[in-house]
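Peer 1: Pasting a structure below so you can have a look.
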Amino acid sequence: MNNQTVIVNASGLDVQIGRQIILKKAELTVFEGERVGLVGRNGAGKSTLLSILAGTLKPDDGILAFKRETQVAFLPQDLPLDPEKTVRENVLDGASYVLKMISRYEQMSHDNHEAMALEHTIAQHGGWTLDRRVDEAMTRLHLPPPDRSSANLSGGERRRVALCRTLVSLSDLLLLDEPTNHLDTEAIEWLEQFLSRYPGTCIMVTHDRYFLDRIADRILELTDGVIYSHPGNYTAYLTAKSDREEQDEAKEHKRQSFLRRELDWVRRGPKARTTKSKSRLDRYYSAESESGPNRELDVELILPVPPKLSARVVDFRELGLSLGGKTLFKDFSFSFSAATCIGVVGPNGVGKTSLIKVMIGELEPDSGELVIGNQTVFNYVDQHRVHLNDDNTVFNEINDGKDFIQFGGEEGGRVSTWTYLRRYLFAEERILTQVRCLSGGERSRLMLAKILKDGGNFLILDEPTNDLDLPTLRVLEEGLIRFAGCAMVVSHDRYFLNRVCTGILAFEGDGKVYYQEGDYDYYLQKKAERQPVASKPEPVASKVAKSAKTSSSDDKPKKLTWKDQKELDGMEEKINKAEAAVAEMETQFNDPDFYIKNGPKVKELIAELEHRRREVEKLYSRWHELSSQK
């Protein structure tokens, strides 16, 4: 029996939009402290389910119950920021309920029970450290300047502001829809650390498989309106799903075998309507009425056969580019070759997209030369550059309503528009649906299909993994691995980069672009080898000795009193004990079962850890003060 506290429970949830059934008597139970990954195909209803849990959408039927006084914070795919407010003001909106408690506390007399209880509640929700937490989150997520107006933010900036606003709330339940979109690798790694320490519960929809592997302790799969629960991370889920599907297939094989055996007898029509015959007929019709397992179809990515590349594909010769007084790259030389896939990585804003614009002629480099082979044909796959007409049906949007799609000129072959869309998992009713009615993932899939039909032998993909479901990502990876032309991929999806890349171009700052043959993990390994070896942590005595040396030798030392000398003599032992206590608590936090074991005590333990860290800082400060007088 599970003794954990339930934070949210849903039963009998029904949602139908038009002819599409999103949820069908769906059941869901989430416990305090869990990190739950929600997966499923684009259009399966993941965002709809999060909206129901957030209270922004009501189900057609069913019951939804939360633990009493549960605070919920929701990051939706659409980004409702207040354009009249600055970036920081929008972020602080996420902690509005905490700020209201602080305002109320400041107006109270602090010597009564109610004030003490309120002070404790504010501490539990991180109210006393709110400004520091906001500053850290804004820095780590690379937000625009805090006083900048939110009215003119780009889509990626709005997304990061909305994410930051959701995180600083320290709510009991976080609902995150694609939280890693528009984050660079450094920010994603910080988000992983943040969520691993988060005292509340989190339900997240994401395509980032590394993220799910590192954070999730349970996976919910939404398929055909039903929610399946699998303990463990994403890798464990894949194994469990495979086992489940094998069992379903075995059960279906047994059912079909039974029906074949009984069919001849039923057709003959049993003459004697005995109780035994009736029972046999009932078993047959019961088995016949059962539906077999729904077999998920995979996207069949159609990449037109690329025209043959010449010996020279694309050459960068000592390229240099600066924008707004910032050097993006300089003296950069590199040559692309056929049958390679080059991953481009680096923080946001360092010049990755600018390099693409130089390649396709939208930007002129400040220095150097770009040489393009005479048979090189670019196809730039950038979802932000393609605008879909919401009034069109999917069929009309993909090919202006034409019955056939022509690939790469008259020699490239053709396929029917209907077949092409079916390959991208658009069912018949969805092909005739208006674009405005598609889910975010379906729109991404439609844009991918629209761009890739144009062919080319040099594919340039700018963040292709955003908003694609995991099965579609897998097929995109397979298509790129088999692609006979050349490809360049800008992505922060580490799993994707490891699967498809034969080399990595890394923007490492200060105008430096570094090339490493191999996948992303191999690049990280070689980068670590290029870095200076980090020194081992110094013992306390060494730290203090070094600190004492930095003090000015010209200052006349003050003589220590006997009491101060006794305090100094015991200081090292005190610091060692204080640091050991901090290390012990940090080890507890790193335990995968920490949140399950401690439940509602987590917030108090976080406050205690922060208190102990401050005590260590005070001890070091006092030691330095006493040592300077010795």
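Labels for the structure tokens follow display order: chains A, B, ..., residues from 1 in each chain, ligands from 1.
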Just list the residues in region 439-550 of chain A DSSP gives alpha helix (DSSP H) on the backbone, as a PyMOL selection string.
Peer 2: chain A and resi 440-452+470-482+494-500+520-530+540-550
Peer 1: Using only C-alpha atoms, which residues of region 58-95 of chain A come within 6 Å of region 163-177 of chain A, and what is the closest atom pair for each, with the distance in Å to one decimal? Give it as a Markdown table, sorted by chain and residue number.
Peer 2:
| residue | atom | partner | partner_atom | distance |
| --- | --- | --- | --- | --- |
| A:Thr70 | CA | A:Asp172 | CA | 5.9 |
| A:Gln71 | CA | A:Asp172 | CA | 5.1 |
| A:Val72 | CA | A:Leu173 | CA | 4.8 |
| A:Ala73 | CA | A:Leu174 | CA | 5.1 |
| A:Phe74 | CA | A:Leu175 | CA | 4.7 |
| A:Leu75 | CA | A:Leu176 | CA | 4.9 |
| A:Pro76 | CA | A:Asp177 | CA | 5.4 |
| A:Val91 | CA | A:Arg165 | CA | 4.1 |
| A:Gly94 | CA | A:Arg165 | CA | 4.6 |
| A:Ala95 | CA | A:Ser169 | CA | 4.4 |
Peer 1: So that I can check the secondary structure, give me every residue of region 172-356 of chain A assigned strand (DSSP E) by backbone DSSP, as a ChimeraX atom specification.
Peer 2: /A:173-177,201-205,218-223,226-231,314-323,326-336,341-345
Peer 1: Compile the contact shell of Arg35 (chain A) as a list in words: residues with an atom at most 7 Å away, counting only C-alpha atoms, same-chain residues fewer than 4 positions apart removed.
Peer 2: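 That gives Thr201, Cys202, Ile203, Ile215, Ala216, Asp217 and Arg218 of chain A.
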Peer 1: List the neighbours of Phe316 (chain A) out to 10 Å using only C-alpha atoms; skip same-chain residues closer than 6 positions along the sequence, and give me the result as a VMD selection string.
Peer 2: chain A and resid 331 to 336 359 368 to 372
Peer 1: If you keep N, CA and C atoms, can you produce a file of those selected residues as a compact mmCIF listing (two decimals), in the first residue's frame?
Peer 2:
# COMPACT_ATOMS: atom_id res chain seq x y z
N ASP A 331 38.46 34.69 -37.99
CA ASP A 331 39.47 33.78 -38.54
C ASP A 331 38.99 32.32 -38.51
N PHE A 332 37.73 32.13 -38.88
CA PHE A 332 37.11 30.81 -38.80
C PHE A 332 37.18 30.11 -40.15
N SER A 333 37.84 28.96 -40.19
CA SER A 333 37.97 28.18 -41.42
C SER A 333 37.44 26.76 -41.19
N PHE A 334 36.68 26.28 -42.16
CA PHE A 334 36.12 24.94 -42.05
C PHE A 334 35.60 24.50 -43.42
N SER A 335 35.68 23.19 -43.70
CA SER A 335 35.18 22.65 -44.96
C SER A 335 34.19 21.53 -44.69
N PHE A 336 33.01 21.64 -45.29
CA PHE A 336 32.00 20.58 -45.20
C PHE A 336 32.26 19.55 -46.28
N MET A 359 25.90 31.78 -44.52
CA MET A 359 25.93 30.68 -45.49
C MET A 359 24.89 30.87 -46.59
N GLY A 368 37.13 37.50 -44.57
CA GLY A 368 37.20 36.12 -45.02
C GLY A 368 36.36 35.87 -46.26
N GLU A 369 36.25 34.60 -46.60
CA GLU A 369 35.59 34.22 -47.85
C GLU A 369 34.73 32.98 -47.64
N LEU A 370 33.54 33.01 -48.25
CA LEU A 370 32.64 31.87 -48.26
C LEU A 370 32.61 31.30 -49.67
N VAL A 371 32.96 30.02 -49.82
CA VAL A 371 32.99 29.39 -51.14
C VAL A 371 31.97 28.25 -51.15
N ILE A 372 31.00 28.32 -52.04
CA ILE A 372 29.94 27.32 -52.14
C ILE A 372 30.13 26.51 -53.42
Peer 1: Hey, what's within 8 Å of Leu619 (chain A) if we count only C-alpha atoms and toss same-chain stuff fewer than 5 positions away? As a list in words, please?
Peer 2: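 Here the qualifying residues turn out to be Met571, Lys574 and Ile575 of chain A.
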Peer 1: May I ask which of the residues A:His110, A:Lys402, A:Lys450, A:Arg88 is the closest one to Asn379 (chain A), counting only C-alpha atoms?
Peer 2: A:Lys450
Peer 1: So which one's closest to Ile356 (chain A), A:Asp382, A:Pro80, A:Arg104, A:Thr376? Using only C-alpha atoms, please.
Peer 2: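 Comparing A:Asp382, A:Pro80, A:Arg104, A:Thr376 against Ile356 (chain A), the winner is A:Asp382.
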Peer 1: When you draw a straight line from CA of Ala187 (chain A) to CA of Asp510 (chain A), how long is it in Å?
Peer 2: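 Value for the CA of Ala187 (chain A)-CA of Asp510 (chain A) distance: 19.2 Å.
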Peer 1: Determine the nearest neighbour of Pro306 (chain A) from the options A:Ser109, A:Gln375, A:Ser229, A:Gln256, counting only C-alpha atoms.
Peer 2: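 Comparing A:Ser109, A:Gln375, A:Ser229, A:Gln256 against Pro306 (chain A), the winner is A:Gln375.
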Peer 1: Just the number, please: distance in Å from CA of Glu362 (chain A) to CA of Leu461 (chain A), one decimal.
Peer 2: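 Distance between the two atoms: 16.0 Å.
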Peer 1: Please identify all polymer residues within 12 Å of Phe378 (chain A), counting only C-alpha atoms, omitting same-chain residues fewer than 6 positions from it, and present them as a PyMOL selection string.
Peer 2: chain A and resi 306-307+309+313-314+356-357+359-361+372+408+451-452+454-461+485-488
Peer 1: If you count only C-alpha atoms, which residues fall within 10 Å of Gly62 (chain A), apart from same-chain ones fewer than 3 positions away, as number ranges by chain?
Peer 2: A: 10-15, 24-27, 58-59
Peer 1: Determine the nearest neighbour of Leu222 (chain A) from the options A:Leu49, A:Ala151, A:Ser416, A:Gln588, counting only C-alpha atoms.
Peer 2: A:Leu49
